[in-house]
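A.B. asks: Data: final_31.txt, compact mmCIF, C-alpha atoms.
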```
# COMPACT_ATOMS: atom_id res chain seq x y z
CA MET A 144 -89.04 112.81 -186.94
CA LYS A 145 -86.44 112.44 -189.69
CA TYR A 146 -88.57 110.89 -192.45
CA GLN A 147 -91.80 112.43 -193.69
CA ARG A 148 -94.78 110.04 -193.72
CA PRO A 149 -96.51 110.37 -197.12
CA ALA A 150 -100.11 111.54 -197.16
CA TYR A 151 -102.75 108.95 -197.98
CA LYS A 152 -102.97 108.31 -201.74
CA ASP A 153 -99.95 110.49 -202.49
CA PRO A 154 -99.68 110.09 -206.30
CA ALA A 155 -95.88 109.90 -206.08
CA ILE A 156 -96.09 106.57 -204.24
CA LYS A 157 -95.90 103.38 -206.31
CA MET A 158 -98.77 100.95 -205.66
CA PHE A 159 -99.19 97.20 -206.11
CA VAL A 160 -102.04 94.75 -205.65
CA LYS A 161 -101.70 92.52 -202.59
CA PRO A 162 -103.59 89.24 -203.22
CA ALA A 163 -106.39 88.18 -200.91
CA SER A 164 -105.36 86.25 -197.82
CA MET A 165 -107.24 84.57 -195.03
CA PHE A 166 -105.91 86.94 -192.38
CA GLY A 167 -105.81 90.14 -194.41
CA GLY A 168 -109.18 90.23 -196.16
CA GLY A 169 -109.59 90.64 -199.91
CA ALA A 170 -107.10 91.91 -202.45
CA GLN A 171 -105.88 95.44 -201.67
CA ASP A 172 -103.94 98.21 -203.36
CA VAL A 173 -100.84 98.57 -201.19
CA PRO A 174 -98.13 101.26 -201.33
CA THR A 175 -94.48 100.43 -201.93
CA PRO A 176 -92.04 102.44 -199.78
CA ASP A 177 -89.01 104.07 -201.39
CA TYR A 178 -86.39 101.61 -200.19
CA PRO A 179 -82.93 103.09 -199.50
CA ILE A 180 -81.27 99.74 -200.23
CA PRO A 181 -82.63 96.71 -202.13
CA ASN A 182 -85.52 95.17 -200.25
CA ARG A 183 -84.18 91.63 -200.50
CA GLU A 184 -80.81 92.74 -199.13
CA ASN A 185 -82.46 94.42 -196.16
CA PHE A 186 -84.45 91.27 -195.44
CA ARG A 187 -81.29 89.20 -195.28
CA ARG A 188 -79.64 91.80 -193.06
CA ALA A 189 -82.59 91.58 -190.67
CA ALA A 190 -82.48 87.77 -190.68
CA ARG A 191 -78.74 87.80 -189.98
CA ARG A 192 -79.05 90.62 -187.45
CA ASP A 193 -76.57 92.63 -189.51
CA ARG A 194 -77.48 96.33 -189.73
CA PRO A 195 -80.93 96.29 -191.36
CA ALA A 196 -82.16 99.66 -192.61
CA TRP A 197 -85.79 99.06 -191.61
CA VAL A 198 -87.96 96.32 -190.09
CA PRO A 199 -89.14 93.98 -192.88
CA ASN A 200 -92.89 94.10 -193.37
CA ALA A 201 -94.52 91.02 -194.90
CA THR A 202 -97.36 93.23 -196.16
CA THR A 203 -95.08 95.20 -198.49
CA ASP A 204 -91.76 93.37 -198.71
CA ILE A 205 -92.63 89.69 -199.15
CA GLU A 206 -94.53 87.60 -201.69
CA SER A 207 -95.66 84.25 -200.28
CA GLU A 208 -96.73 81.01 -201.95
CA MET A 209 -97.96 77.69 -200.57
CA VAL A 210 -96.02 74.63 -201.70
CA ALA A 211 -99.29 72.95 -202.73
CA ASN A 212 -99.76 75.61 -205.40
CA LEU A 213 -96.28 74.97 -206.81
CA THR A 214 -96.64 71.20 -206.90
CA GLY A 215 -100.34 70.41 -207.29
CA TRP A 216 -100.25 68.47 -204.02
CA GLY A 217 -103.91 68.85 -203.14
CA GLU A 218 -106.11 71.90 -202.82
CA ASN A 219 -104.92 74.42 -200.27
CA ASP A 220 -106.80 77.71 -200.50
CA TRP A 221 -106.95 79.41 -197.10
CA THR A 222 -109.07 82.27 -198.42
CA ARG A 223 -112.19 80.11 -198.85
CA PRO A 224 -114.92 80.75 -196.25
CA GLU A 225 -116.33 77.19 -196.21
CA ARG A 226 -115.00 73.83 -195.07
CA TYR A 227 -113.60 71.56 -197.75
CA ASP A 228 -111.65 68.28 -197.93
CA TRP A 229 -108.57 67.32 -199.91
CA VAL A 230 -105.90 64.63 -200.00
CA ASP A 231 -102.21 65.51 -199.82
CA GLN A 232 -99.17 64.06 -201.59
CA PHE A 233 -98.84 61.24 -199.04
CA GLY A 234 -102.49 60.24 -199.35
CA VAL A 235 -103.58 61.82 -196.06
CA TRP A 236 -107.08 63.34 -196.00
CA TRP A 237 -107.54 66.84 -194.57
CA THR A 238 -110.42 69.21 -193.82
CA PHE A 239 -109.88 72.96 -194.02
CA VAL A 240 -111.63 74.55 -191.02
CA PRO A 241 -111.96 78.32 -191.54
CA GLU A 242 -113.05 79.03 -187.96
CA ALA A 243 -109.82 77.36 -186.74
CA GLY A 244 -107.69 79.17 -189.30
CA GLY A 245 -106.18 76.11 -190.93
CA PRO A 246 -106.45 72.44 -191.94
CA MET A 247 -107.08 69.49 -189.62
CA LEU A 248 -106.97 65.76 -190.18
CA LYS A 249 -110.28 64.60 -191.66
CA GLN A 250 -112.35 62.89 -189.01
CA GLY A 251 -113.37 59.26 -189.49
CA VAL A 252 -110.56 58.39 -191.92
CA PRO A 253 -108.28 55.54 -190.73
CA ALA A 254 -104.63 56.34 -190.10
CA MET A 255 -102.28 55.43 -192.92
CA VAL A 256 -99.75 54.00 -190.45
CA ASP A 257 -100.94 52.10 -187.37
CA ASP A 258 -97.50 50.70 -186.48
CA ILE A 259 -94.44 52.83 -187.24
CA ALA A 260 -92.48 49.60 -187.77
CA ASP A 261 -94.44 49.17 -191.02
CA TRP A 262 -93.72 52.64 -192.45
CA LYS A 263 -91.51 51.40 -195.30
CA SER A 264 -94.31 49.29 -196.74
CA LEU A 265 -97.09 51.82 -196.07
CA VAL A 266 -95.63 55.25 -196.85
CA LYS A 267 -95.23 56.22 -200.48
CA PHE A 268 -93.12 59.32 -200.94
CA PRO A 269 -94.21 61.63 -203.76
CA SER A 270 -92.30 61.44 -207.04
CA LEU A 271 -91.55 64.97 -208.25
CA ALA A 272 -91.59 63.73 -211.83
CA ASP A 273 -95.34 63.18 -211.50
CA TYR A 274 -96.04 66.89 -211.05
CA ASN A 275 -95.68 69.88 -213.37
CA ILE A 276 -93.53 71.88 -210.97
CA LYS A 277 -91.55 73.67 -213.67
CA GLU A 278 -94.71 75.01 -215.33
CA ARG A 279 -96.26 76.07 -212.02
CA CYS A 280 -93.09 77.92 -211.03
CA ALA A 281 -92.98 79.61 -214.43
CA GLU A 282 -96.54 80.83 -213.91
CA LEU A 283 -95.61 82.25 -210.50
CA LEU A 284 -92.70 84.16 -212.04
CA THR A 285 -95.05 85.89 -214.50
CA ARG A 286 -96.59 87.74 -211.53
CA HIS A 287 -93.60 87.90 -209.18
CA ASP A 288 -91.93 91.24 -208.44
CA PRO A 289 -88.19 90.49 -208.40
CA GLU A 290 -87.62 93.28 -205.89
CA LYS A 291 -89.71 91.46 -203.30
CA VAL A 292 -88.63 88.60 -201.06
CA LEU A 293 -90.00 85.30 -202.39
CA GLN A 294 -91.25 83.04 -199.61
CA VAL A 295 -92.51 79.47 -199.94
CA ASN A 296 -94.40 77.78 -197.12
CA VAL A 297 -93.24 74.14 -197.40
CA GLY A 298 -95.91 72.84 -195.03
CA LEU A 299 -95.58 70.02 -192.54
CA GLY A 300 -92.29 69.43 -190.78
CA CYS A 301 -90.94 66.24 -189.24
CA THR A 302 -93.22 65.71 -186.26
CA GLU A 303 -96.31 67.05 -188.04
CA ARG A 304 -95.82 64.62 -190.92
CA LEU A 305 -95.44 61.75 -188.44
CA VAL A 306 -98.64 62.87 -186.69
CA ALA A 307 -100.51 63.12 -190.00
CA LEU A 308 -99.55 59.62 -191.09
CA MET A 309 -100.35 58.09 -187.69
CA GLY A 310 -103.71 59.83 -187.37
CA GLY A 311 -103.02 62.08 -184.40
CA TYR A 312 -100.59 63.18 -181.70
CA GLU A 313 -101.32 60.40 -179.22
CA ASP A 314 -100.20 57.54 -181.47
CA ALA A 315 -97.29 59.59 -182.85
CA MET A 316 -95.96 60.38 -179.37
CA VAL A 317 -96.30 56.71 -178.34
CA ALA A 318 -94.30 55.73 -181.43
CA MET A 319 -91.58 58.23 -180.50
CA ALA A 320 -91.42 56.76 -177.00
CA MET A 321 -91.56 53.08 -177.97
CA GLU A 322 -89.74 53.04 -181.34
CA PRO A 323 -87.36 56.02 -181.32
CA GLU A 324 -84.88 54.55 -183.81
CA THR A 325 -87.63 53.63 -186.27
CA VAL A 326 -89.22 57.07 -186.01
CA ARG A 327 -85.82 58.70 -186.55
CA GLU A 328 -85.29 56.51 -189.63
CA PHE A 329 -88.61 57.68 -191.05
CA LEU A 330 -87.87 61.33 -190.31
CA GLU A 331 -84.50 61.10 -192.07
CA ALA A 332 -86.26 59.68 -195.15
CA PHE A 333 -88.84 62.45 -194.94
CA VAL A 334 -86.12 65.12 -194.85
CA ASP A 335 -84.53 63.53 -197.93
CA CYS A 336 -87.88 64.12 -199.64
CA GLU A 337 -88.00 67.75 -198.43
CA ILE A 338 -84.47 68.44 -199.64
CA GLU A 339 -85.33 67.00 -203.05
CA LEU A 340 -88.40 69.23 -203.22
CA VAL A 341 -86.58 72.46 -202.35
CA SER A 342 -83.75 71.57 -204.72
CA GLU A 343 -86.33 71.27 -207.49
CA LEU A 344 -87.94 74.61 -206.59
CA CYS A 345 -84.54 76.29 -206.59
CA LYS A 346 -84.06 75.27 -210.23
CA TYR A 347 -86.90 77.57 -211.25
CA LEU A 348 -87.38 80.17 -208.50
CA PRO A 349 -85.19 82.83 -206.83
CA LEU A 350 -86.18 81.42 -203.45
CA ASP A 351 -85.27 83.70 -200.52
CA PHE A 352 -87.31 82.44 -197.61
CA VAL A 353 -88.85 79.14 -196.44
CA THR A 354 -91.43 78.73 -193.69
CA TYR A 355 -91.41 75.28 -192.09
CA HIS A 356 -94.29 74.10 -189.88
CA ASP A 357 -93.67 71.82 -186.93
CA ASP A 358 -96.04 72.21 -183.98
CA TRP A 359 -94.30 71.10 -180.82
CA GLY A 360 -96.74 71.84 -178.04
CA THR A 361 -99.95 73.06 -176.50
CA GLU A 362 -100.27 76.40 -174.77
CA ARG A 363 -99.20 74.69 -171.53
CA ASP A 364 -96.03 72.86 -172.63
CA THR A 365 -94.41 70.75 -175.34
CA PHE A 366 -95.72 67.40 -176.58
CA PHE A 367 -92.38 65.71 -175.94
CA GLY A 368 -89.24 66.31 -173.92
CA GLU A 369 -85.63 67.22 -174.43
CA GLN A 370 -84.36 63.66 -174.89
CA MET A 371 -86.77 63.02 -177.77
CA MET A 372 -85.83 66.38 -179.26
CA GLU A 373 -82.11 65.61 -179.07
CA THR A 374 -82.23 62.05 -180.39
CA ILE A 375 -85.22 62.00 -182.76
CA VAL A 376 -86.41 65.40 -183.99
CA PHE A 377 -83.30 67.58 -183.88
CA PRO A 378 -80.90 65.66 -186.20
CA PRO A 379 -83.10 65.46 -189.33
CA THR A 380 -84.44 68.98 -188.79
CA LYS A 381 -80.90 70.34 -188.47
CA ARG A 382 -79.91 68.59 -191.67
CA PHE A 383 -82.81 70.22 -193.53
CA PHE A 384 -82.10 73.68 -192.14
CA ASP A 385 -78.39 73.33 -192.93
CA PHE A 386 -79.34 72.48 -196.51
CA LEU A 387 -81.58 75.56 -196.75
CA HIS A 388 -78.82 77.78 -195.43
CA SER A 389 -76.38 76.25 -197.91
CA ARG A 390 -78.73 77.60 -200.62
CA ASP A 391 -78.72 81.05 -198.94
CA ILE A 392 -82.37 80.60 -197.94
CA VAL A 393 -83.66 82.30 -194.79
CA VAL A 394 -85.44 79.83 -192.47
CA GLN A 395 -88.56 80.56 -190.46
CA GLN A 396 -89.96 77.92 -188.14
CA HIS A 397 -93.65 78.03 -187.29
CA SER A 398 -94.58 76.20 -184.12
CA CYS A 399 -97.79 76.35 -182.11
CA GLY A 400 -97.63 75.98 -178.36
CA LYS A 401 -95.41 76.98 -175.47
CA ILE A 402 -91.97 75.87 -176.64
CA THR A 403 -89.76 77.60 -174.06
CA ARG A 404 -87.89 74.41 -173.21
CA PHE A 405 -86.84 74.04 -176.86
CA MET A 406 -85.41 77.54 -177.36
CA PRO A 407 -81.79 76.37 -176.93
CA TYR A 408 -82.38 73.76 -179.66
CA LEU A 409 -83.86 76.38 -181.99
CA VAL A 410 -80.66 78.36 -181.55
CA LYS A 411 -78.61 75.28 -182.44
CA LEU A 412 -80.87 74.61 -185.43
CA GLY A 413 -79.93 78.02 -186.79
CA VAL A 414 -83.52 79.25 -187.15
CA ASP A 415 -83.54 82.80 -188.52
CA PHE A 416 -87.12 83.72 -187.54
CA LEU A 417 -89.63 82.13 -185.19
CA GLN A 418 -93.35 82.31 -185.98
CA ILE A 419 -94.90 81.32 -182.67
CA GLN A 420 -97.84 82.19 -180.41
CA GLU A 421 -97.25 85.35 -178.44
CA ARG A 422 -99.90 84.45 -175.85
CA ALA A 423 -98.12 81.15 -175.09
CA ASN A 424 -94.53 82.40 -175.12
CA ASP A 425 -92.65 85.23 -173.40
CA PHE A 426 -91.45 87.19 -176.42
CA LYS A 427 -89.66 89.81 -174.35
CA ALA A 428 -87.69 87.12 -172.53
CA TYR A 429 -86.86 85.42 -175.83
CA LYS A 430 -85.60 88.71 -177.25
CA ARG A 431 -83.54 89.33 -174.12
CA ASP A 432 -82.05 85.84 -173.86
CA PHE A 433 -81.87 84.68 -177.50
CA GLY A 434 -82.37 87.79 -179.65
CA GLY A 435 -78.78 87.80 -180.84
CA GLN A 436 -79.24 84.32 -182.31
CA VAL A 437 -82.92 83.83 -183.23
CA GLY A 438 -85.29 86.39 -184.75
CA LEU A 439 -88.99 86.79 -184.05
CA GLU A 440 -92.03 87.47 -186.18
CA VAL A 441 -94.16 89.81 -184.10
CA MET A 442 -97.46 91.06 -185.51
CA ALA A 443 -98.33 94.76 -185.62
CA MET A 444 -102.05 94.27 -185.13
CA PRO A 445 -104.63 96.80 -186.36
CA ALA A 446 -105.64 99.48 -183.86
CA ARG A 447 -108.85 101.46 -183.33
CA SER A 448 -107.31 104.80 -184.28
CA LYS A 449 -104.35 106.20 -186.18
CA ASP A 450 -102.73 107.48 -182.99
CA GLU A 451 -103.09 104.08 -181.32
CA SER A 452 -101.67 102.36 -184.41
CA ILE A 453 -98.64 104.66 -184.41
CA ALA A 454 -98.09 104.07 -180.69
CA ASN A 455 -98.34 100.29 -181.13
CA ILE A 456 -95.87 100.26 -184.01
CA ARG A 457 -93.35 102.40 -182.16
CA LYS A 458 -93.62 100.18 -179.09
CA LEU A 459 -93.09 97.11 -181.28
CA VAL A 460 -89.94 98.57 -182.83
CA ASP A 461 -88.59 99.86 -179.52
CA THR A 462 -89.14 96.48 -177.85
CA TYR A 463 -87.99 94.01 -180.51
CA ALA A 464 -86.03 95.69 -183.31
CA ALA A 465 -82.67 96.27 -181.64
CA GLY A 466 -79.88 94.54 -183.54
CA GLY A 467 -82.24 93.20 -186.22
CA GLY A 468 -84.04 89.88 -186.10
CA LEU A 469 -87.55 91.34 -186.25
CA LEU A 470 -90.13 90.54 -188.93
CA THR A 471 -93.68 91.88 -188.82
CA SER A 472 -96.84 92.50 -190.83
CA THR A 473 -99.12 95.54 -190.80
CA MET A 474 -102.42 93.80 -191.46
CA ALA A 475 -105.43 96.12 -191.74
CA PHE A 476 -108.74 95.78 -193.55
CA ASP A 477 -109.11 99.53 -194.06
CA PRO A 478 -106.86 100.84 -196.89
CA GLU A 479 -106.08 104.15 -195.17
CA ALA A 480 -105.24 102.43 -191.88
CA SER A 481 -103.01 100.03 -193.80
CA TRP A 482 -101.27 102.95 -195.54
CA ASP A 483 -100.60 104.77 -192.27
CA ALA A 484 -99.29 101.63 -190.56
CA ILE A 485 -97.00 100.74 -193.47
CA PHE A 486 -95.31 104.13 -193.55
CA GLU A 487 -95.10 104.52 -189.80
CA LEU A 488 -93.31 101.17 -189.51
CA PHE A 489 -91.01 101.91 -192.45
CA CYS A 490 -90.11 105.44 -191.39
CA TYR A 491 -89.92 104.89 -187.64
CA SER A 492 -87.76 101.77 -187.95
CA ARG A 493 -85.42 103.65 -190.30
CA GLU A 494 -85.12 106.36 -187.69
CA PHE A 495 -84.60 103.69 -185.03
CA TYR A 496 -81.74 102.02 -186.91
CA GLY A 497 -80.31 105.28 -188.24
CA ASN A 498 -77.96 103.58 -190.72
CA ALA A 499 -79.57 104.27 -194.10
```
Would you encode the structure as structure tokens?

C.D. replies:
Amino acid sequence: MKYQRPAYKDPAIKMFVKPASMFGGGAQDVPTPDYPIPNRENFRRAARRDRPAWVPNATTDIESEMVANLTGWGENDWTRPERYDWVDQFGVWWTFVPEAGGPMLKQGVPAMVDDIADWKSLVKFPSLADYNIKERCAELLTRHDPEKVLQVNVGLGCTERLVALMGGYEDAMVAMAMEPETVREFLEAFVDCEIELVSELCKYLPLDFVTYHDDWGTERDTFFGEQMMETIVFPPTKRFFDFLHSRDIVVQQHSCGKITRFMPYLVKLGVDFLQIQERANDFKAYKRDFGGQVGLEVMAMPARSKDESIANIRKLVDTYAAGGGLLTSTMAFDPEASWDAIFELFCYSREFYGNA
């Protein structure tokens, strides 16, 4: 063991307040490791699979913000324990469902678009001039630690936005099958809107990291096949990701479902990290077959004891950290368990990489 793990509440360790989150409980005092190189540099090294010094930990290394909070596009507070409704920037009504861990289309509300052929007359894209984005970004910077990676979750991607406007997956998939050129035209216009949004955020924020949500399947298989991916979904998504990379922004794609058939396309898209369901996807196979090209976010889940937590973290690093491309989070409700997990991950992964 090369690096000494600090004792709990060691007064020499700098602390910060981690805001409340839906998956991590209330606000917590969290320790900051003594980074051997700048934290943001290490994060980019991990994303590029280029000699990271430790495995990035979202608990300590990253500050995250929802795009709704930077734009005023509807209420989006995932820490609330009760259901609530809101309308987004396209006029779509949502219900936050805490027991499901996220928002769902509000039941009983008619779809905004019944026929995709009518999208130009029915879909109104948000005008950024109507929102006080500059002021909201300025407020975020008053509490942002410039040493931490700044992540923005930009919300719905191409297929999810199509689904939202058409009221569900069934009608959206029928539209993709029956009107592929029209759907592609809409998705290209949607990506124009997304590029405009991120360009505006980049005027005011040192944006490092974007998480993009596009659910592509159930736990059995994808909603659509390779031909639809190649001709409809891939081109506009690639254009958006290329834009993000041109701004030196690391890209993480979130996708629910078993998306094995789309892994070659994710490589071509240039995704830096995948945030996907471990129970529906073979992470070890993905690391083996695609780990040199696509990174994985793999959770270091809380354990019942300190020894079990240490064993789990070491197994995680040994299995997925080689060459970089691993992002994790040491979520724990107990402050001492969180402390131990943070320093075990930081120290053990430094020992694993052995280059800092």

A.B. asks: Report as a list of chain:residue names all protein, DNA and RNA residues lying within 8 Å of stretch 225-228 of chain A, evaluated on only C-alpha atoms, omitting residues in the same chain fewer than 4 positions from it.

C.D. replies: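 Selected residues are A:Trp236, A:Trp237, A:Thr238, A:Phe239, A:Val240, A:Pro241, A:Lys249.
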
A.B. asks: Skipping near chain neighbours, those fewer than 5 positions away, what residues fall within 9 Å of A:Pro349 using only C-alpha atoms, listed as a list of chain:residue names?

C.D. replies: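 Close residues of A:Pro349: A:Pro289, A:Val292, A:Leu293, A:Leu344.
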
A.B. asks: Between atom CA of A:Gln418 and atom CA of A:Met474, what is the distance in Å, rounded to a tenth?

C.D. replies: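 Spanning atom CA of A:Gln418 to atom CA of A:Met474 is a straight-line distance of 15.6 Å.
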
A.B. asks: Can you tell me which residues surround A:Thr203 at a distance of at most 12 Å, considering only C-alpha atoms, apart from same-chain residues fewer than 5 positions away, and format the answer as a ChimeraX atom specification?

C.D. replies: /A:157-162,171-178,182-183,186,198,288,290-293,470-474,481-482,484-486,488-489

A.B. asks: Report as a PDB file with C-alpha atoms, keeping the file's coordinate frame all protein, DNA and RNA residues lying within 6 Å of stretch 300-303 of chain A, evaluated on all atoms listed in the file, omitting residues in the same chain fewer than 6 positions from it.

C.D. replies:
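This is the output file around.pdb:
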```pdb
ATOM      1  CA  LEU A 330     -87.870  61.330-190.310  1.00  0.00           C
ATOM      2  CA  HIS A 356     -94.290  74.100-189.880  1.00  0.00           C
ATOM      3  CA  ASP A 357     -93.670  71.820-186.930  1.00  0.00           C
TER       4      ASP A 357
END
```

A.B. asks: Considering all atoms listed in the file, can you say which of A:Val437, A:Glu479, A:Arg363, A:Tyr491 comes closest to A:Tyr151?

C.D. replies: A:Glu479

A.B. asks: Using all atoms listed in the file, pick whichever of A:Glu206, A:Asp461, A:Glu331, A:Asp193 has the shortest atom-to-atom distance to A:Gly438.

C.D. replies: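 Between A:Glu206, A:Asp461, A:Glu331, A:Asp193, the residue approaching A:Gly438 most closely is A:Asp193.
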
A.B. asks: As JSON, numbers by chain, please: the residues near A:Gly413 (cut-off 10 Å, all atoms listed in the file, same-chain neighbours under 6 positions excluded).

C.D. replies: {"A": [381, 384, 385, 388, 393, 394, 395, 436, 437]}

A.B. asks: Go through stretch 152-212 of chain A and flag each residue having an atom no more than 8 Å from stretch 295-299 of chain A; for those, report the closest pair of atoms plus their distance in Å to one decimal, using all atoms listed in the file, ordered by chain and rising number, as JSON lines.

C.D. replies:
```
{"residue": "A:Ser207", "atom": "CA", "partner": "A:Val295", "partner_atom": "CA", "distance": 5.7}
{"residue": "A:Glu208", "atom": "CA", "partner": "A:Val295", "partner_atom": "CA", "distance": 4.9}
{"residue": "A:Met209", "atom": "CA", "partner": "A:Asn296", "partner_atom": "CA", "distance": 5.0}
{"residue": "A:Val210", "atom": "CA", "partner": "A:Val297", "partner_atom": "CA", "distance": 5.1}
```

A.B. asks: May I ask which of the residues A:Glu373, A:Asp314, A:Asp261, A:Glu362 is the closest one to A:Phe329, counting all atoms listed in the file?

C.D. replies: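 Closest candidate: A:Asp261.
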